[in-house]
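Quick notes on the structure that follows.
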Amino acid sequence: MTTLLYTHPACLDHDTGFGHPECSARLTAILNMLRTSPFAALEWRDAPKAEIAQLTRIHPLAHVEQLLARIPRHGHYAIDGDTILSPQSGEAALRAAGAVCAAVDAVLKGEANNAFCAIRPPGHHAEPRQAMGFCLFGNVAIGAAHARAAHGLERVAIIDFDVHHGNGTQAAFEQDAGYLYISTHQAYIYPGTGRRDERGVGNIVNLPLLANSGSADLRHVWQQDIEPALREFQPQLILISAGFDAHYLDPLAELNFNEDDYRWLTEQILAVAADECEGRVVSLLEGGYNLPALAASVAAHVKALMEAPRIVQRSLVKRILERQKAKRNAASS
Amino acid sequence: MYEFLQYQVCDAMTADPIAISPASKLREVEELFENHDFNGVPVVDAQRRLLGVVTKFDLLKAFSFDAHALVPHYDEIMEQPAEAVMSRDPVSVAPQLPLSRLLQKMVEMRVKSLPVVENGRLVGIVAREDLLKALRRATIRHELPVHEEP
Ligand SMILES: [Zn+2]
């Protein structure tokens with residue numbers, strides 16, 4: 001059993017223009033890091049293109065066709081000030097969404113414990129009918145919908161720790177209790193959604209954090225909100241919208257997470273996954289714009305995914321010890 | 001130092017300062033900051049009634065993170081009018097205010113300059129540098145010998 005890495009060279013060819021923070025150098029930095037010896041056990045797989053039928057579980061067909069039709073033959077097409085199409089953007093977007101679906105298939109078939117999708121463009125801002133915020137298709141939403149439609153799962157949880165709120169993912173699922181969407185993000189910045197009182201049908205858990213929140217605040221919301229919501233939901237699969245722009249060196253926001261926080265958070269998620277869904281986790285890249293910080297944070301995250309069996313074991317041992325203690329207490333009283 | 005106590009704002013301020021209209025673009029404000037060592041520029045209507053102040057901080061604030069865009073866009077923001085970012089109802093001082101009291105006020109408020117208003121009209125602007133200059137001027141005579149030797 002292993003950790004899969006899904007990526008594709010086409011994701012490097014999505015060109016957002018000179019100086020754009022969501023650049024292919026992000027992915028290059030990540031892939032260079034994952035080619036070093038500590039990651040030798042990763043099993044690399046080429047991301048397939050998503051089928052149109054996989055996209056249309058989230059996006060209306062007319063929207064998908066319109067978006068793909070806007071892809072320019074030369075130069076760039078700006079959907080908005082930040083969201084740019086280039087000639088290779090269509091294939092990159094299809095490979096990004098396809099990576100998540102393929103990773104979901106592999107993990108649900110038991111080919112691996114878990115998977116990380118090193119993909120761009122990111123997806124969590126893409127609403128069903130509107131590409132925005134660097135995002136074209138809602139990669140994580142498409143993967144979650146695939147898990148339910150193709151594998152018959154009833155409950156899929158998504159944890160989004162990107163510094164921005166995943167308005168697209170929330171919009172896709174806020175009426176469907178088969179999905180649980182949990183997001184930590186910085187309050188009052190882009191895209192402006194993600195208030196605590198946006199609760200969907202009780203399946204949306206928004207945890208806005210004030211500027212300058214850091215490690216302690218992350219641990220606090222994990223204990224108070226994330227873990228209880230996740231365990232109560234009893235997910236059959238956990239997807240992670242893994243954006244690393246809450247890092248203290250990121251230029252696009254003001255939260256203060258560090259690499260070790262990402263390791264810690266990943267281990268917490270894996271421990272719940274071990275208890276609830278046989279450790280099945282699929283993680284995929286969203287934001288993160290300081291290249292060295294991004295590469296180091298992804299390294300910490302993927303290392304934790306690779307060490308999942310140890311975390312599962314630790315969680316099992318803990319449960320056995322707790323059971324023995326409960327028995328002893330029962331016997332002595 | 002006793003002489004300093006005699007000074008009033010009108011003795012130290014810059015009279016008839018450059019001011020802008022609420023419709024002035026941030027691009028023009030930026031040019032003013034670039035070409036003069038202003039900390040802030042007063043915003044007035046056609047009758048030179050004081051409506052607000054745009055400081056360098058207000059200009060920077062226009063570029064801070066908000067819900068509108070992932071990345072602030074320079075050209076778009078520089079096209080905004082001054083009234084979009086100015087501080088409204090700014091604190092102002094009268095020309096007759098003693099400089100000693102102006103000094104207290106500026107230290108307490110941690111502001112770098114204040115507009116001077118008389119009969120509702122902007123008549124001047126007074127900055128930290130003006131206070132420092134007035135302090136120097138007021139005390140320079142004490143460096144001269146008090147009793148001349150015959
Ligand atoms: Zn983000």
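We name chains A, B, ... following the order of the structure tokens; residues begin at 1 in each chain, and ligands are numbered from 1 as shown.
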Neighbourhood of ligand 1 at 8 Å, counting only C-alpha atoms and all ligand atoms, reported as a PyMOL selection string
chain A and resi 162-165+243-246+252+286-288
Given the selection you just returned, output its residues as a file containing C-alpha atoms, formatted as a CSV table (one decimal), in the first residue's frame.
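In the end it all went to selection-v7.csv:
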```csv
chain,number,residue,atom,x,y,z
A,162,ASP,CA,-6.6,27.1,1.5
A,163,VAL,CA,-6.5,30.7,3.0
A,164,HIS,CA,-9.4,31.7,0.7
A,165,HIS,CA,-12.9,30.4,1.1
A,243,GLY,CA,-4.0,25.3,-0.6
A,244,PHE,CA,-0.9,26.4,1.2
A,245,ASP,CA,-1.4,30.2,1.0
A,246,ALA,CA,-2.2,30.4,4.7
A,252,LEU,CA,-1.7,36.9,-0.9
A,286,GLU,CA,-5.3,24.6,-4.6
A,287,GLY,CA,-3.3,27.9,-3.8
A,288,GLY,CA,0.1,28.7,-2.4
```
DSSP on the backbone: which residues in region 19-139 of chain B end up as strand (DSSP E)? Give the answer as a PyMOL selection string.
chain B and resi 40-44+50-55+87-88+113-118+121-127
Contact residues (chain B, partner chain A, 10 Å, only C-alpha atoms) as a PyMOL selection string:
chain B and resi 64-73+76
Taking N, CA and C atoms for each residue, export the selection above as an mmCIF file, in the first residue's frame.
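Okay, this is what ended up in part22.cif:
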```cif
data_model
loop_
_atom_site.group_PDB
_atom_site.id
_atom_site.type_symbol
_atom_site.label_atom_id
_atom_site.label_comp_id
_atom_site.auth_asym_id
_atom_site.auth_seq_id
_atom_site.Cartn_x
_atom_site.Cartn_y
_atom_site.Cartn_z
ATOM 1 N N SER B 64 -4.956 47.117 0.043
ATOM 2 C CA SER B 64 -4.952 45.997 0.986
ATOM 3 C C SER B 64 -5.934 44.924 0.523
ATOM 4 N N PHE B 65 -5.810 43.718 1.080
ATOM 5 C CA PHE B 65 -6.640 42.580 0.680
ATOM 6 C C PHE B 65 -8.103 42.871 0.961
ATOM 7 N N ASP B 66 -8.965 42.581 0.001
ATOM 8 C CA ASP B 66 -10.400 42.667 0.264
ATOM 9 C C ASP B 66 -11.109 41.600 -0.561
ATOM 10 N N ALA B 67 -12.438 41.653 -0.537
ATOM 11 C CA ALA B 67 -13.220 40.575 -1.150
ATOM 12 C C ALA B 67 -13.303 40.700 -2.668
ATOM 13 N N HIS B 68 -12.841 41.816 -3.237
ATOM 14 C CA HIS B 68 -13.102 42.055 -4.660
ATOM 15 C C HIS B 68 -12.193 41.296 -5.610
ATOM 16 N N ALA B 69 -10.949 41.132 -5.246
ATOM 17 C CA ALA B 69 -10.031 40.453 -6.152
ATOM 18 C C ALA B 69 -8.975 39.724 -5.347
ATOM 19 N N LEU B 70 -8.466 38.621 -5.931
ATOM 20 C CA LEU B 70 -7.393 37.876 -5.270
ATOM 21 C C LEU B 70 -6.142 38.734 -5.174
ATOM 22 N N VAL B 71 -5.898 39.514 -6.232
ATOM 23 C CA VAL B 71 -4.720 40.372 -6.299
ATOM 24 C C VAL B 71 -5.205 41.789 -6.587
ATOM 25 N N PRO B 72 -4.786 42.801 -5.806
ATOM 26 C CA PRO B 72 -5.191 44.179 -6.117
ATOM 27 C C PRO B 72 -4.617 44.600 -7.475
ATOM 28 N N HIS B 73 -5.425 45.311 -8.282
ATOM 29 C CA HIS B 73 -4.961 45.718 -9.610
ATOM 30 C C HIS B 73 -4.627 47.207 -9.638
ATOM 31 N N GLU B 76 -6.547 49.860 -12.051
ATOM 32 C CA GLU B 76 -7.942 50.019 -11.632
ATOM 33 C C GLU B 76 -8.036 50.877 -10.372
#
```
Do you know which residues are at most 7 Å from Ala138 (chain B) counting only C-alpha atoms, after dropping those on the same chain fewer than 4 positions away, and could you put them as a PDB file with N, CA, C and O atoms, in the first residue's frame?
```pdb
ATOM      1  N   MET B   1      12.485  78.508  25.440  1.00  0.00           N
ATOM      2  CA  MET B   1      11.262  77.712  25.312  1.00  0.00           C
ATOM      3  C   MET B   1      10.017  78.561  25.602  1.00  0.00           C
ATOM      4  O   MET B   1       8.949  78.269  25.106  1.00  0.00           O
ATOM      5  N   GLU B   3       9.304  81.381  24.515  1.00  0.00           N
ATOM      6  CA  GLU B   3       8.814  82.019  23.310  1.00  0.00           C
ATOM      7  C   GLU B   3       7.904  81.080  22.521  1.00  0.00           C
ATOM      8  O   GLU B   3       6.938  81.499  21.898  1.00  0.00           O
ATOM      9  N   PHE B   4       8.229  79.786  22.595  1.00  0.00           N
ATOM     10  CA  PHE B   4       7.425  78.786  21.879  1.00  0.00           C
ATOM     11  C   PHE B   4       5.968  78.859  22.334  1.00  0.00           C
ATOM     12  O   PHE B   4       5.041  78.678  21.555  1.00  0.00           O
ATOM     13  N   ALA B 134       9.690  75.458  14.519  1.00  0.00           N
ATOM     14  CA  ALA B 134       9.258  76.489  15.464  1.00  0.00           C
ATOM     15  C   ALA B 134       9.981  76.331  16.805  1.00  0.00           C
ATOM     16  O   ALA B 134      10.367  77.309  17.439  1.00  0.00           O
TER      17      ALA B 134
END
```
As a PyMOL selection string, please: the residues near Cys10 (chain B) (cut-off 8 Å, only C-alpha atoms, same-chain neighbours under 4 positions excluded).
chain B and resi 15+95-96+124
I need the residues in region 221-270 of chain A that are helix (DSSP H, G or I) according to DSSP; give them as a VMD selection string.
chain A and resid 221 to 233 259 to 270
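Taking CA of Arg70 (chain A) as the reference point, CA of Tyr289 (chain A) is found at 26.2 Å.
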What is the distance, in Å and to one decimal place, between CA of Asn206 (chain A) and CA of Ala295 (chain A)?
26.6 Å
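Across A:Asn258, A:Gln66, A:Thr169, A:Ser183, the tightest approach to Ile79 (chain A) is made by A:Gln66 when counting only C-alpha atoms.
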Within 12 Å of Ala97 (chain A), counting only C-alpha atoms, which residues show up once you throw out same-chain ones fewer than 5 positions away? Write them as a ChimeraX atom specification, please.
/A:6-8,11,47-59,90-92,102-104,117-124,126,135-146,284-286
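Put simply, CA of Ala271 (chain A) is 28.0 Å away from CA of Asp197 (chain A).
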Env of region 115-122 of chain B: 9 Å cut, atoms = only C-alpha atoms, seq-sep filter 3 positions within chain, self excluded. Answer as JSON, numbers by chain.
{"B": [9, 10, 13, 15, 16, 17, 19, 41, 42, 44, 47, 48, 49, 50, 53, 90, 91, 92, 93, 94, 95, 125, 126, 127]}
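Distance annotation: of B:Asp45, B:Glu30, B:Asp37, B:Glu108, the residue with the minimal separation from Ala62 (chain B) is B:Glu30; atom set is only C-alpha atoms.
Among the candidates B:Tyr2, B:Glu83, B:Gln8, B:Tyr74, the one nearest to Leu51 (chain B) when counting only C-alpha atoms is B:Glu83.
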